[in-house]
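Read the structure below first, then the notes.
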Number of protein chains: 2
Amino acid sequence: MEEVLDRAAQAAREWGGTSPDDRAAALDAVAGALDRESAELVALAEWECRLPGDRLRAEVGRTTFQLRSFAEYLRSGAVNGVVIDHEDVHWPPGPRPDLRRMLVPLGPVAVFGSTSYPFAFSVAGSDTASALAAGCPVVVKASHSYPDLADRTAEVVEEVLPKGVFALVHGRRCARQLVLDPRIKAVAFIGSSRVGRELHHLAATRPEPIPFYGGFGSVNPVFVTPRAVAKRGGEIARGFAQALSQQSGQLCTKPGLLVVPEGFAGDVAAEVRALRAEPLFNKLVAKRFETGVEALSAFLDVLVEGGPGAGGHAPTLLRTTAADILAGHDEALDECFGPVSVVATYRDSNELLELAAALPGQLTATVQGEDDDVLPELVAELTGRAGRVVWNQWPNDIATTPAMHHGGPWPATTSPFHTSVGVRAVERFQRPVVFQGFPSHLLPEVLEDNR
Amino acid sequence: MEEVLDRAAQAAREWGGTSPDDRAAALDAVAGALDRESAELVALAEWECRLPGDRLRAEVGRTTFQLRSFAEYLRSGAVNGVVIDHEDVHWPPGPRPDLRRMLVPLGPVAVFGSTSYPFAFSVAGSDTASALAAGCPVVVKASHSYPDLADRTAEVVEEVLPKGVFALVHGRRCARQLVLDPRIKAVAFIGSSRVGRELHHLAATRPEPIPFYGGFGSVNPVFVTPRAVAKRGGEIARGFAQALSQQSGQLCTKPGLLVVPEGFAGDVAAEVRALRAEPLFNKLVAKRFETGVEALSAFLDVLVEGGPGAGGHAPTLLRTTAADILAGHDEALDECFGPVSVVATYRDSNELLELAAALPGQLTATVQGEDDDVLPELVAELTGRAGRVVWNQWPNDIATTPAMHHGGPWPATTSPFHTSVGVRAVERFQRPVVFQGFPSHLLPEVLEDNR
């Protein structure tokens, strides 16, 4: 570990000083290497993560697309955040000097791989790609869920990058050590809020506090209006059941709270009851899921009793009311990872809006609506509480596009400003520096005139 | 206080929902009101802050310029950070929905006014202007140094803004209360690191952690190369003496550490010895200054003994060596607010670079150089440690321009990503939200097509 961190610290200067074009070429090389080894990696992941091959092949495609998007962003020059103000002795509040701003890398970054996405948010995933794009060496802490896949992926990545720029470490003890080490300058974490909050606290209170980008997940509430039920209730119930069970509910964007008019819960239950049991990632995830459902069942009515059986875990559906949540029985607002969700009924649009206003920060919030009067107020309320607001779709999929914001207010994440998906993810690992009055030959190349 | 916070929380929705053009008009109105009341405000400040009238009039000019810059930025539309990706079923990693990203305000912001700038970084200063521009109500905690000026300025501001959008509070007890109150969603603080770090810790560890933008100051090292001494030693010594004594050293950008070749310290001392005594802001600042100098004098040689006398405090110059600092005697690396600085001599360029590499995070770092070999490495080292790197000028003045970055790595500030000067200061109080699949009539106006 000492050696890994030393190498990362030593590599930081050189890697941070490479041109954006050189870093783009390196990211393309990583993408190319993953493509070449895709068949072997997918086979390993099928075995270790219990996920279907098609799903995994698509995820490798997403991962290499991400890497190449960052490469493209690097080549566009936008990544440098350059702003140039030439000297102006007539500048109104007083003469101004020549000022040239750019973004520079923070230094070595620790990345904690996610369980749900063994490729796209893991060893060579979005966090790693964006930190490398910023010019930061990366030390990945492997997820305990797929140690062999992590090792093999790391070999593929390491082979095409300069020495010291990338490393993989294993083991729970590494986590604290990485976050506390003075050579580490930022942390990206996807995982449980239990572990994540502890690490976040360490990062915020160490002698030199560092940014900690934790994505913890949320219940991703879905609000269904009366007119939407009247017009396409069946379609909504089916869509919800599918969204709840996608990847056995093991997604940070799973809708964990469905807010519906009284009388619609039965239709939803019928669809959830028809779902098949599917395997969970591993025993630890299954154990945590069972404990979580047990805790929820102590407070809420069970509408559909899923749980373990042949072939895996069948989805569970619980029931509460908006009034109960507003009265302080808010167990339904805590995420439970896996195939479980809570349906909460409301009596009128006041209750709907009150519930929306009582939500903690969310990654996503969804509205299934038609031309109901309550919509403008509901959308405004959700905009104040979520990183992504979805209209008449489901929140699960996170498109890799420039406009995407995958993040949200606390407690969904630890930094409401930053996205972990899309090219802007690179901003998490860059800070501005401005050069004042410098001659051209001493400026970084991207700040020279006539570029 | 309760009432102030309630009004701010209530105002947040309405103010956050105003159009950028409306907020621009409000900022222009604040600027206009300050211009109209300028004579009275300056007279009050001369009396309360012991600063010269010309200096204060220029600062009011800077303050209204800042307000109008944010207004212009609002009208330009750039403030909204809009990115639109239309639906694309052929998007390579999988079909993408319509995604529209914009920036939304965080909610009520607490602003702690600075002692050094009673206008530009105070009641209606850059922090207040940028938070208002973002759409956040502001509660200002007045500096204890000019309560009457703060009150009068607040009256001028409050009169032209909607009710609840702006308020001023006094008293040390307010500080903790503001930072801990759940209605406050971000804090901007300029002041001593002693108080600032305590408040930062509260902000980072409260049940809902919030961003805390603390600007604590730094020693702002100036590195002088041998060739620069040979070519223009006299000019550099005079320039340094002027920079050290500007506003009696009561600036967060005062050069507090001058790193020079052996043999040059005497020339610098001669210039510092010739400086006049000037008054400090008030007794508390004077007391803290005297204590700070006493502490430094216990460890370092006194080259020029300034201290209290007729007309105020004359500048003090202390002396150490790069070798001593590198051996762990690093008292010279801690800021002492007021007219004092430390000159550190180095023997060769290795020692110069080692010292640069040993610096904690700085607001600014300056090089006085000619065509010395050491420059590229020195500049690279300082770029890794400062928010602004200055070439053959002095760091004191902070131009209000789009490229300016007034910030820097810990411990100079608490957030290396953000500037407190220039239009980008608004980003501290905004977070992204992306709307997925929304019909035009439910989108915020700035996200509609054909804008």
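By order of appearance in the structure tokens: chains A, B, ..., then residues from 1 within every chain, and ligands from 1 in the order shown.
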Pull out every residue of chain B sitting within 8 Å of chain A, counting only C-alpha atoms, and send them as a PyMOL selection string. chain B and resi 58+61-62+65+83-85+92-94+96-97+99-101+104+201+204-205+208-209+375-376+379+383-384+386-393+399-405+408+410-411+416-418+430-438+442
Name the residues of range 303-335 of chain B that fall into strand (DSSP E) according to DSSP on the backbone, using the chain letters and numbers of this document, as number ranges by chain. B: 303-304, 307-309, 312-314, 316-321
Step one, run DSSP on the backbone; step two, keep only residues of range 72-307 of chain A assigned to alpha helix (DSSP H); then write them as an MDAnalysis selection string. chainID A and resid 72:76 126:134 147:160 172:180 193:205 226:245 265:273 283:297
Please list as a ChimeraX atom specification every residue within 10 Å of Gly249 in chain A, counting only C-alpha atoms and excluding residues in the same chain fewer than 3 positions away. /A:116,242-246,252-256,278,280,315,336-341,396
Excluding range 2-8 of chain B and its own-chain neighbours fewer than 2 positions away, which residues fall within 12 Å of it when counting only C-alpha atoms? Please give them as an NGL selection string. :B and (10-16 or 107-110 or 132 or 135-141 or 162-170 or 174 or 177-185)
Those residues with N, CA, C and O atoms, as a compact mmCIF listing (two decimals), in the first residue's frame please?
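The resulting file, part_7.txt, is reproduced below:
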```txt
# COMPACT_ATOMS: atom_id res chain seq x y z
N GLN B 10 -38.72 31.46 3.85
CA GLN B 10 -39.94 31.71 3.09
C GLN B 10 -39.64 32.40 1.76
O GLN B 10 -40.29 32.14 0.75
N ALA B 11 -38.66 33.29 1.79
CA ALA B 11 -38.34 34.05 0.58
C ALA B 11 -37.61 33.19 -0.46
O ALA B 11 -37.56 33.54 -1.65
N ALA B 12 -37.04 32.07 -0.01
CA ALA B 12 -36.16 31.28 -0.90
C ALA B 12 -36.88 30.80 -2.16
O ALA B 12 -36.35 30.89 -3.26
N ARG B 13 -38.10 30.30 -1.98
CA ARG B 13 -38.82 29.78 -3.13
C ARG B 13 -39.09 30.88 -4.17
O ARG B 13 -38.81 30.72 -5.35
N GLU B 14 -39.61 32.01 -3.66
CA GLU B 14 -40.00 33.06 -4.60
C GLU B 14 -38.78 33.68 -5.28
O GLU B 14 -38.73 33.86 -6.48
N TRP B 15 -37.74 34.00 -4.45
CA TRP B 15 -36.53 34.63 -5.01
C TRP B 15 -35.81 33.67 -5.97
O TRP B 15 -35.34 34.07 -7.03
N GLY B 16 -35.78 32.39 -5.58
CA GLY B 16 -35.15 31.38 -6.43
C GLY B 16 -35.90 31.19 -7.73
O GLY B 16 -35.33 30.76 -8.73
N GLY B 107 -30.49 27.80 -1.67
CA GLY B 107 -31.34 28.23 -0.56
C GLY B 107 -30.63 29.30 0.25
O GLY B 107 -29.58 29.79 -0.16
N PRO B 108 -31.18 29.69 1.41
CA PRO B 108 -30.62 30.81 2.17
C PRO B 108 -29.13 30.64 2.50
O PRO B 108 -28.69 29.56 2.87
N VAL B 109 -28.37 31.73 2.33
CA VAL B 109 -26.91 31.72 2.53
C VAL B 109 -26.55 32.67 3.67
O VAL B 109 -27.08 33.79 3.75
N ALA B 110 -25.64 32.24 4.54
CA ALA B 110 -25.10 33.12 5.58
C ALA B 110 -23.77 33.69 5.10
O ALA B 110 -22.91 32.96 4.63
N LEU B 132 -27.13 36.42 -4.03
CA LEU B 132 -28.38 36.99 -4.56
C LEU B 132 -28.52 36.65 -6.04
O LEU B 132 -29.60 36.30 -6.51
N GLY B 135 -29.88 33.38 -6.73
CA GLY B 135 -31.27 33.18 -6.36
C GLY B 135 -31.43 32.79 -4.89
O GLY B 135 -32.47 32.26 -4.50
N CYS B 136 -30.39 33.04 -4.10
CA CYS B 136 -30.43 32.67 -2.67
C CYS B 136 -30.67 33.90 -1.81
O CYS B 136 -29.97 34.90 -1.96
N PRO B 137 -31.60 33.85 -0.85
CA PRO B 137 -31.69 34.91 0.15
C PRO B 137 -30.40 34.92 0.97
O PRO B 137 -29.72 33.89 1.10
N VAL B 138 -30.07 36.09 1.54
CA VAL B 138 -28.80 36.25 2.26
C VAL B 138 -29.04 36.79 3.66
O VAL B 138 -29.81 37.74 3.85
N VAL B 139 -28.39 36.18 4.65
CA VAL B 139 -28.34 36.73 6.00
C VAL B 139 -26.88 37.06 6.29
O VAL B 139 -26.03 36.17 6.29
N VAL B 140 -26.58 38.36 6.45
CA VAL B 140 -25.20 38.79 6.69
C VAL B 140 -24.95 38.91 8.20
O VAL B 140 -25.74 39.52 8.91
N LYS B 141 -23.87 38.30 8.66
CA LYS B 141 -23.40 38.53 10.02
C LYS B 141 -22.40 39.69 9.93
O LYS B 141 -21.36 39.59 9.27
N PRO B 162 -36.84 42.67 -2.35
CA PRO B 162 -38.08 42.11 -1.80
C PRO B 162 -37.88 41.69 -0.34
O PRO B 162 -36.78 41.29 0.05
N LYS B 163 -38.94 41.75 0.42
CA LYS B 163 -38.91 41.42 1.84
C LYS B 163 -38.39 39.99 2.07
O LYS B 163 -38.78 39.06 1.39
N GLY B 164 -37.49 39.86 3.03
CA GLY B 164 -37.00 38.53 3.42
C GLY B 164 -35.77 38.08 2.65
O GLY B 164 -35.10 37.13 3.05
N VAL B 165 -35.49 38.75 1.54
CA VAL B 165 -34.38 38.32 0.68
C VAL B 165 -33.02 38.71 1.28
O VAL B 165 -32.00 38.08 1.01
N PHE B 166 -33.02 39.73 2.12
CA PHE B 166 -31.76 40.19 2.71
C PHE B 166 -31.99 40.58 4.16
O PHE B 166 -33.00 41.21 4.51
N ALA B 167 -31.04 40.22 5.03
CA ALA B 167 -31.11 40.66 6.44
C ALA B 167 -29.71 40.75 7.00
O ALA B 167 -28.78 40.09 6.52
N LEU B 168 -29.57 41.58 8.03
CA LEU B 168 -28.28 41.72 8.72
C LEU B 168 -28.47 41.34 10.18
O LEU B 168 -29.46 41.73 10.80
N VAL B 169 -27.52 40.60 10.72
CA VAL B 169 -27.55 40.29 12.16
C VAL B 169 -26.19 40.63 12.77
O VAL B 169 -25.18 40.70 12.06
N HIS B 170 -26.20 40.86 14.07
CA HIS B 170 -24.98 41.23 14.79
C HIS B 170 -24.68 40.23 15.90
O HIS B 170 -25.58 39.55 16.37
N CYS B 174 -24.39 34.85 17.12
CA CYS B 174 -25.10 34.54 15.87
C CYS B 174 -24.31 33.59 14.98
O CYS B 174 -24.89 32.85 14.18
N GLN B 177 -24.94 29.91 15.50
CA GLN B 177 -26.36 29.67 15.27
C GLN B 177 -26.68 29.63 13.77
O GLN B 177 -27.40 28.76 13.30
N LEU B 178 -26.11 30.59 13.04
CA LEU B 178 -26.33 30.65 11.59
C LEU B 178 -25.80 29.38 10.92
O LEU B 178 -26.48 28.78 10.08
N VAL B 179 -24.58 29.00 11.27
CA VAL B 179 -23.95 27.87 10.58
C VAL B 179 -24.70 26.57 10.87
O VAL B 179 -24.75 25.68 10.03
N LEU B 180 -25.28 26.46 12.05
CA LEU B 180 -25.95 25.21 12.43
C LEU B 180 -27.42 25.16 12.04
O LEU B 180 -28.04 24.10 12.05
N ASP B 181 -28.01 26.31 11.69
CA ASP B 181 -29.45 26.32 11.45
C ASP B 181 -29.82 25.57 10.16
O ASP B 181 -29.23 25.81 9.11
N PRO B 182 -30.81 24.64 10.25
CA PRO B 182 -31.16 23.86 9.05
C PRO B 182 -31.71 24.70 7.89
O PRO B 182 -31.72 24.24 6.76
N ARG B 183 -32.15 25.92 8.18
CA ARG B 183 -32.66 26.76 7.08
C ARG B 183 -31.54 27.36 6.25
O ARG B 183 -31.75 27.79 5.13
N ILE B 184 -30.34 27.41 6.81
CA ILE B 184 -29.17 27.93 6.08
C ILE B 184 -28.55 26.80 5.25
O ILE B 184 -28.29 25.72 5.78
N LYS B 185 -28.31 27.06 3.95
CA LYS B 185 -27.87 25.99 3.05
C LYS B 185 -26.44 26.17 2.55
O LYS B 185 -25.92 25.30 1.83
```
Need the shell around Glu262 in chain B: protein/DNA/RNA residues with any atom at most 7 Å away, counting only C-alpha atoms. Skip same-chain ones fewer than 6 positions apart. Format as a PDB file with C-alpha atoms, in the first residue's frame?
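File written: out.pdb
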```pdb
ATOM      1  CA  THR B 345      17.254  33.561   2.563  1.00  0.00           C
ATOM      2  CA  TYR B 346      18.209  30.586   0.402  1.00  0.00           C
ATOM      3  CA  ARG B 347      21.628  29.371  -0.698  1.00  0.00           C
TER       4      ARG B 347
END
```
Give me the residues near Leu67 in chain B as number ranges by chain, where near means some atom within 9 Å (using only C-alpha atoms) and where sequence neighbours in that chain fewer than 6 positions away do not count. B: 24, 27-28, 30-31, 124-126, 129-130, 133
For Gly312 in chain A, please output as a VMD selection string all residues within 10 Å (counting only C-alpha atoms; exclusion window: fewer than 5 positions along the same chain). chain A and resid 248 276 to 281 286 307
Pick from A:Arg206, A:Arg68, A:Arg57, A:Arg176, whichever lies nearest to Ala45 in chain A using only C-alpha atoms: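 Under the stated criterion, the closest residue is A:Arg57.
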From A:His90, A:Arg232, A:Arg238, A:Arg288, residue lying nearest Arg273 in chain A [only C-alpha atoms]: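 Nearest candidate to Arg273 in chain A out of A:His90, A:Arg232, A:Arg238, A:Arg288: A:Arg238.
Ranking B:Glu351, B:Glu87, B:Asp127, B:Asp334 by their shortest atom-to-atom distance to Leu378 in chain B, with only C-alpha atoms included, puts B:Glu351 first.
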